[in-house]
Amino acid sequence: MNSILKVESLVTQLRNGARIVDGISLAIGRGETFALLGESGCGKSMTALSLLRLMPDGVALAAGSVRLEGDELTGLPESAMCRVRGGRMAMIFQEPGLSLNPVLTVGQQIGEVLALHHEQIGAAAQARIVELLQQVGIPDPQRRSGEYPFQLSGGMKQRVMIAMALAGSPKLLIADEPTTALDVTIQAQVLQLLRDTQTASGMAMLLITHDLGVVAEMAHQVAVMYAGQIVEASSRQQLFARPLHPYTQKLFAALPDARHGNVPLAAIPGSVPALDAMPSGCRFAPRCDHAWELCREQTPGWTELEGQGVRCHLYSERVAGSLRPVAETAAQTLGYPLPATGNKLLQVFDLQVHFPIRRGILQRTVGHVRAVDGVSLEIAAGRTLALVGESGCGKTTFGKALLQLIAPTAGSVRFGGNELIGLSADGLRQQRAGMQMVFQDPYASLNPRLRVAEILDEGMAALGVGGDAASRQRLMDALLEQVGLNAAAKWRYPHEFSGGQRQRIAIARALAVNPKLLICDEPTSALDVSVQAQILNLLKSLQQELELSYLFITHNLAVVEYLAHEVCVMYLGRIVERGATADVLRAPRHPYTQALLSAVPRVDGPVREVIRLTGEMPSPAKPPQGCHFHPRCPQAMRICRENYPAAVEVGAGQRVACHLYDGKPVVRLA
């Protein structure tokens with residue numbers, strides 16, 4: 001193979017000698033995509049930063065070789081590395097909102113790359129900036145080049161980062177989680193853009209991700225990383241056909257889908273070991289079902305098996321072939337009983353949340369942002385309803401309006417038969433104990449100055465739950481055990497926990513006041529598949545044990561397929577399709593639902609043709625006349641531009657608001 005990048009025995013370590021990257025070796029060919037897969041904290045991003053020599057203070061290259069087109073980079077002076085970065089080797093960083101300079105326009109930031117690596121300035125540079133923005137699919141690139149990052153959506157900021165990376169015409173592009181927490185439609189656009197650029201220019205790509213679906217769609221070669229080491233490497237086809245390492249097998253077994261709907265997911269216990277507490281022997285042994293004495297005493301060597309490499313004692317000559325796949329054992333675990341359809345716990349009728357647009361010295365109202373524009377739905381006791389759609393469609397606003405955290409403009413919200421809109425503060429406080437919210441970012445929603453015990457006690461004391469302080473402490477201990485945490489953890493602060501543990505604390509806080517309904521706003525967004533499996537198992541078991549109902553707000557359709565009984569698809573403040581999860585996801589009727597499902601990267605099964613949606617979601621301050629989706633719909637008709645469609649019945653309980661379907665109109669969805 002004609003390698004454009006060759007890395008041999010790369011070691012990156014802290015000043016105290018702890019190794020973050022421990023002996024990494026890999027090779028990437030021209031025009032090839034090499035995926036580096038693993039959980040957060042395993043060293044993927046630090047590997048990428050080491051290749052570019054962008055390590056933070058206190059971290060240094062200790063050993064190894066990095067050759068780009070035959071040139072050794074580890075010994076280059078910093079002035080020479082500045083010409084390599086952004087020119088011959090570029091990087092798309094994980095969080096575009098933090099990576100883009102907030103005080104420079106998009107055009108100025110791309111222009112810096114052009115000036116440094118191509119000596120382009122003035123009119124030639126401006127023309128190239130517009131060309132790059134157009135290439136990455138940003139509408140009206142001339143105007144957008146003069147805008148600042150805060151004026152762009154998350155997907156557009158990610159595309160600006162790609163434009164900056166491509167401006168230097170790199171031979172190797174490093175993409176660090178380029179689609180994390182993006183909507184599936186934006187993710188599909190970003191991945192297609194990377195593929196098209198790679199085909200046109202022949203550049204190589206190092207793709208860093210924890211998303212197995214993205215790996216299945218993009219990669220030629222894959223390396224699985226754990227605790228600073230590569231534990232398995234092979235072609236994509238080999239890895240997905242026969243994963244060898246127990247860690248890789250558990251990653252696959254942790255993926256949610258409909259087949260596991262009544263079976264707990266094979267979550268990986270524990271977490272990636274800390275740098276200062278690396279176990280002796282195999283680093284995965286404390287979490288491995290197949291570990292024995294040798295695994296805890298001796299570090300496994302690298303074994304080659306028919307083109308696949310693996311670092312595991314199970315494949316030494318004397319035990320080769322004895323590994324029993326984790327996926328088989330996971331399917332034999334005790335399943336969850338199917339919940340019965342209970343009474344309607346939550347009933348929402350024509351809910352509207354409109355925010356006034358005020359302008360002028362007198363701040364007169366000149367319009368409204370129609371964030372939620374007439375949504376009706378019901379959730380039965382013990383059932384899960386998923387609310388899906390792109391960012392900006394109004395999902396989170398709807399969830400907050402149910403709790404009256406945002407005042408609704410109109411409509412009705414009945415919880416347990418009691419109307420919530422118009423209640424006094426005291427009456428609302430009494431009802432709110434029955435409805436609680438788990439927010440998207442647990443670190444932002446947990447007070448960093450309070451210990452876990454104080455966080456849990458705050459809500460219990462405010463709502464009069466648990467009696468005196470001693471009784472509340474006993475309840476806290478039981479609650480933490482219930483969500484899979486040690487009772488002693490209540491004396492620690494949020495920053496002392498991992499992301500998955502913080503999400504468990506957020507769930508415990510919500511459960512502390514004995515709710516009947518949990519509103520979960522993207523609770524697994526950007527979590528590793530292993531941590532995601534733990535949270536989903538927890539939510540499933542709590543639902544069975546406590547008869548909880550869930551409103552699950554998400555854009556992760558694989559999670560919807562595993563967890564939800566019913567699903568509502570939301571677009572620009574309105575529900576466009578609703579039905580049983582199996583019906584909607586297997587036979588979607590609305591063109592928007594079809595586009596969402598086609599954009600989901602699949603690990604197995606038939607590959608669907610992705611339906612490309614043109615343009616961006618319109619502003620809720622000025623929704624299009626007629627059907628809101630018609631400017632992006634590939635099947636739009638004249639009537640779609642004139643009238644908003646009523647909802648029609650298209651199956652047993654499945655309803656869709658679309659002019660493509662004839663039938664007698666039923667109760668309006670939106």
# chains A, B, ... in the order shown; residues from 1 in each chain; ligands from 1
>>> select_by_dssp(residues="region 153-392 of chain A", states="alpha helix (DSSP H)", output="PyMOL selection string")
chain A and resi 154-167+184-201+212-218+236-241+246-253+293-297+326-330
>>> select_by_dssp(residues="region 238-442 of chain A", states="strand (DSSP E)", output="ChimeraX atom specification")
/A:302-305,308-311,344-359,364-380,384-388,410-415,418-419,435-438
>>> residues_around(residues="region 568-572 of chain A", least_positions_apart="4", cutoff="7 Å", atoms="only C-alpha atoms", output="ChimeraX atom specification")
/A:386-389,393-394,576-579,593,620
>>> write_last_selection(atoms="C-alpha atoms", output="tab-separated table (two decimals), in the first residue's frame")
chain	number	residue	atom	x	y	z
A	386	ALA	CA	-40.61	9.59	21.43
A	387	LEU	CA	-40.58	13.08	19.92
A	388	VAL	CA	-38.10	13.26	17.04
A	389	GLY	CA	-37.02	15.90	14.56
A	393	CYS	CA	-38.07	22.13	15.28
A	394	GLY	CA	-39.41	22.94	18.78
A	576	VAL	CA	-46.29	15.68	10.76
A	577	GLU	CA	-46.53	11.94	11.52
A	578	ARG	CA	-47.47	9.80	14.49
A	579	GLY	CA	-47.98	6.11	15.19
A	593	THR	CA	-39.90	11.03	8.04
A	620	PRO	CA	-40.18	29.60	12.77
>>> residues_around(residues="Ile519 (chain A)", least_positions_apart="5", cutoff="10 Å", atoms="only C-alpha atoms", output="ChimeraX atom specification")
/A:384-386,396,399-400,402-403,435-439,510,549-553
>>> write_last_selection(atoms="N, CA and C atoms", output="PDB file, in the first residue's frame")
ATOM      1  N   THR A 384     -43.887   4.901  26.645  1.00  0.00           N
ATOM      2  CA  THR A 384     -42.873   5.846  26.185  1.00  0.00           C
ATOM      3  C   THR A 384     -43.278   6.400  24.831  1.00  0.00           C
ATOM      4  N   LEU A 385     -43.349   7.720  24.743  1.00  0.00           N
ATOM      5  CA  LEU A 385     -43.593   8.405  23.478  1.00  0.00           C
ATOM      6  C   LEU A 385     -42.325   9.157  23.103  1.00  0.00           C
ATOM      7  N   ALA A 386     -41.799   8.899  21.912  1.00  0.00           N
ATOM      8  CA  ALA A 386     -40.607   9.595  21.430  1.00  0.00           C
ATOM      9  C   ALA A 386     -41.026  10.757  20.550  1.00  0.00           C
ATOM     10  N   THR A 396     -37.534  20.666  22.357  1.00  0.00           N
ATOM     11  CA  THR A 396     -37.179  21.032  23.730  1.00  0.00           C
ATOM     12  C   THR A 396     -38.129  22.085  24.277  1.00  0.00           C
ATOM     13  N   GLY A 399     -41.204  20.361  25.461  1.00  0.00           N
ATOM     14  CA  GLY A 399     -41.001  19.679  26.735  1.00  0.00           C
ATOM     15  C   GLY A 399     -41.015  20.637  27.909  1.00  0.00           C
ATOM     16  N   LYS A 400     -40.358  21.779  27.749  1.00  0.00           N
ATOM     17  CA  LYS A 400     -40.329  22.767  28.833  1.00  0.00           C
ATOM     18  C   LYS A 400     -41.702  23.394  29.052  1.00  0.00           C
ATOM     19  N   LEU A 402     -44.549  21.883  28.767  1.00  0.00           N
ATOM     20  CA  LEU A 402     -45.372  20.958  29.537  1.00  0.00           C
ATOM     21  C   LEU A 402     -45.187  21.176  31.031  1.00  0.00           C
ATOM     22  N   LEU A 403     -43.956  21.468  31.430  1.00  0.00           N
ATOM     23  CA  LEU A 403     -43.652  21.709  32.839  1.00  0.00           C
ATOM     24  C   LEU A 403     -43.900  23.152  33.250  1.00  0.00           C
ATOM     25  N   MET A 435     -44.250  15.430  37.439  1.00  0.00           N
ATOM     26  CA  MET A 435     -43.585  15.575  36.141  1.00  0.00           C
ATOM     27  C   MET A 435     -42.201  16.163  36.366  1.00  0.00           C
ATOM     28  N   GLN A 436     -41.183  15.476  35.903  1.00  0.00           N
ATOM     29  CA  GLN A 436     -39.820  15.952  36.069  1.00  0.00           C
ATOM     30  C   GLN A 436     -39.081  15.842  34.732  1.00  0.00           C
ATOM     31  N   MET A 437     -37.995  16.606  34.607  1.00  0.00           N
ATOM     32  CA  MET A 437     -37.254  16.666  33.350  1.00  0.00           C
ATOM     33  C   MET A 437     -35.804  16.266  33.566  1.00  0.00           C
ATOM     34  N   VAL A 438     -35.287  15.445  32.646  1.00  0.00           N
ATOM     35  CA  VAL A 438     -33.868  15.106  32.598  1.00  0.00           C
ATOM     36  C   VAL A 438     -33.285  15.869  31.418  1.00  0.00           C
ATOM     37  N   PHE A 439     -32.414  16.820  31.708  1.00  0.00           N
ATOM     38  CA  PHE A 439     -31.929  17.721  30.665  1.00  0.00           C
ATOM     39  C   PHE A 439     -30.817  17.081  29.845  1.00  0.00           C
ATOM     40  N   ALA A 510     -34.381  13.618  39.319  1.00  0.00           N
ATOM     41  CA  ALA A 510     -35.755  13.650  38.822  1.00  0.00           C
ATOM     42  C   ALA A 510     -36.641  12.657  39.578  1.00  0.00           C
ATOM     43  N   SER A 549     -43.857   6.817  32.973  1.00  0.00           N
ATOM     44  CA  SER A 549     -44.088   7.179  31.580  1.00  0.00           C
ATOM     45  C   SER A 549     -42.966   8.109  31.145  1.00  0.00           C
ATOM     46  N   TYR A 550     -42.586   8.032  29.867  1.00  0.00           N
ATOM     47  CA  TYR A 550     -41.508   8.870  29.346  1.00  0.00           C
ATOM     48  C   TYR A 550     -41.969   9.641  28.118  1.00  0.00           C
ATOM     49  N   LEU A 551     -41.623  10.927  28.069  1.00  0.00           N
ATOM     50  CA  LEU A 551     -41.592  11.669  26.813  1.00  0.00           C
ATOM     51  C   LEU A 551     -40.117  11.781  26.460  1.00  0.00           C
ATOM     52  N   PHE A 552     -39.710  11.077  25.427  1.00  0.00           N
ATOM     53  CA  PHE A 552     -38.293  10.946  25.095  1.00  0.00           C
ATOM     54  C   PHE A 552     -37.998  11.815  23.881  1.00  0.00           C
ATOM     55  N   ILE A 553     -37.325  12.939  24.105  1.00  0.00           N
ATOM     56  CA  ILE A 553     -36.988  13.890  23.046  1.00  0.00           C
ATOM     57  C   ILE A 553     -35.612  13.543  22.508  1.00  0.00           C
TER      58      ILE A 553
END
>>> residues_around(residues="region 365-375 of chain A", least_positions_apart="2", cutoff="6 Å", atoms="only C-alpha atoms", output="list in words")
Asp350, Leu351, Gln352, Val353, His354, Phe355, Pro356, Ile357, Arg358, Gly394, Gly573, Arg574, Pro620, Ala621 and Ala670 of chain A
>>> write_last_selection(atoms="N, CA and C atoms", output="PDB file, in the first residue's frame")
ATOM      1  N   ASP A 350     -53.622  21.085  21.220  1.00  0.00           N
ATOM      2  CA  ASP A 350     -53.375  22.318  20.468  1.00  0.00           C
ATOM      3  C   ASP A 350     -52.439  23.276  21.219  1.00  0.00           C
ATOM      4  N   LEU A 351     -51.352  22.756  21.757  1.00  0.00           N
ATOM      5  CA  LEU A 351     -50.418  23.590  22.526  1.00  0.00           C
ATOM      6  C   LEU A 351     -49.632  24.506  21.596  1.00  0.00           C
ATOM      7  N   GLN A 352     -49.549  25.774  21.965  1.00  0.00           N
ATOM      8  CA  GLN A 352     -48.804  26.767  21.204  1.00  0.00           C
ATOM      9  C   GLN A 352     -47.851  27.506  22.124  1.00  0.00           C
ATOM     10  N   VAL A 353     -46.630  27.719  21.617  1.00  0.00           N
ATOM     11  CA  VAL A 353     -45.647  28.561  22.312  1.00  0.00           C
ATOM     12  C   VAL A 353     -45.099  29.527  21.269  1.00  0.00           C
ATOM     13  N   HIS A 354     -45.533  30.784  21.340  1.00  0.00           N
ATOM     14  CA  HIS A 354     -45.097  31.821  20.404  1.00  0.00           C
ATOM     15  C   HIS A 354     -44.314  32.884  21.169  1.00  0.00           C
ATOM     16  N   PHE A 355     -43.124  33.193  20.686  1.00  0.00           N
ATOM     17  CA  PHE A 355     -42.304  34.221  21.322  1.00  0.00           C
ATOM     18  C   PHE A 355     -42.408  35.517  20.520  1.00  0.00           C
ATOM     19  N   PRO A 356     -42.717  36.634  21.161  1.00  0.00           N
ATOM     20  CA  PRO A 356     -42.860  37.892  20.415  1.00  0.00           C
ATOM     21  C   PRO A 356     -41.514  38.402  19.898  1.00  0.00           C
ATOM     22  N   ILE A 357     -41.542  38.981  18.707  1.00  0.00           N
ATOM     23  CA  ILE A 357     -40.370  39.648  18.126  1.00  0.00           C
ATOM     24  C   ILE A 357     -40.581  41.141  18.310  1.00  0.00           C
ATOM     25  N   ARG A 358     -39.719  41.781  19.080  1.00  0.00           N
ATOM     26  CA  ARG A 358     -39.887  43.204  19.405  1.00  0.00           C
ATOM     27  C   ARG A 358     -38.773  44.019  18.746  1.00  0.00           C
ATOM     28  N   GLY A 394     -38.544  22.605  17.652  1.00  0.00           N
ATOM     29  CA  GLY A 394     -39.411  22.939  18.779  1.00  0.00           C
ATOM     30  C   GLY A 394     -39.568  21.845  19.814  1.00  0.00           C
ATOM     31  N   GLY A 573     -42.364  23.074  14.529  1.00  0.00           N
ATOM     32  CA  GLY A 573     -43.377  23.346  15.536  1.00  0.00           C
ATOM     33  C   GLY A 573     -44.642  22.541  15.431  1.00  0.00           C
ATOM     34  N   ARG A 574     -44.726  21.614  14.428  1.00  0.00           N
ATOM     35  CA  ARG A 574     -45.948  20.836  14.256  1.00  0.00           C
ATOM     36  C   ARG A 574     -45.621  19.355  14.099  1.00  0.00           C
ATOM     37  N   PRO A 620     -38.835  29.631  12.182  1.00  0.00           N
ATOM     38  CA  PRO A 620     -40.181  29.599  12.767  1.00  0.00           C
ATOM     39  C   PRO A 620     -40.788  30.990  12.914  1.00  0.00           C
ATOM     40  N   ALA A 621     -39.976  32.033  12.714  1.00  0.00           N
ATOM     41  CA  ALA A 621     -40.512  33.395  12.740  1.00  0.00           C
ATOM     42  C   ALA A 621     -41.251  33.726  11.453  1.00  0.00           C
ATOM     43  N   ALA A 670     -51.624  18.970  13.965  1.00  0.00           N
ATOM     44  CA  ALA A 670     -50.860  20.209  14.126  1.00  0.00           C
ATOM     45  C   ALA A 670     -51.630  21.375  13.545  1.00  0.00           C
TER      46      ALA A 670
END
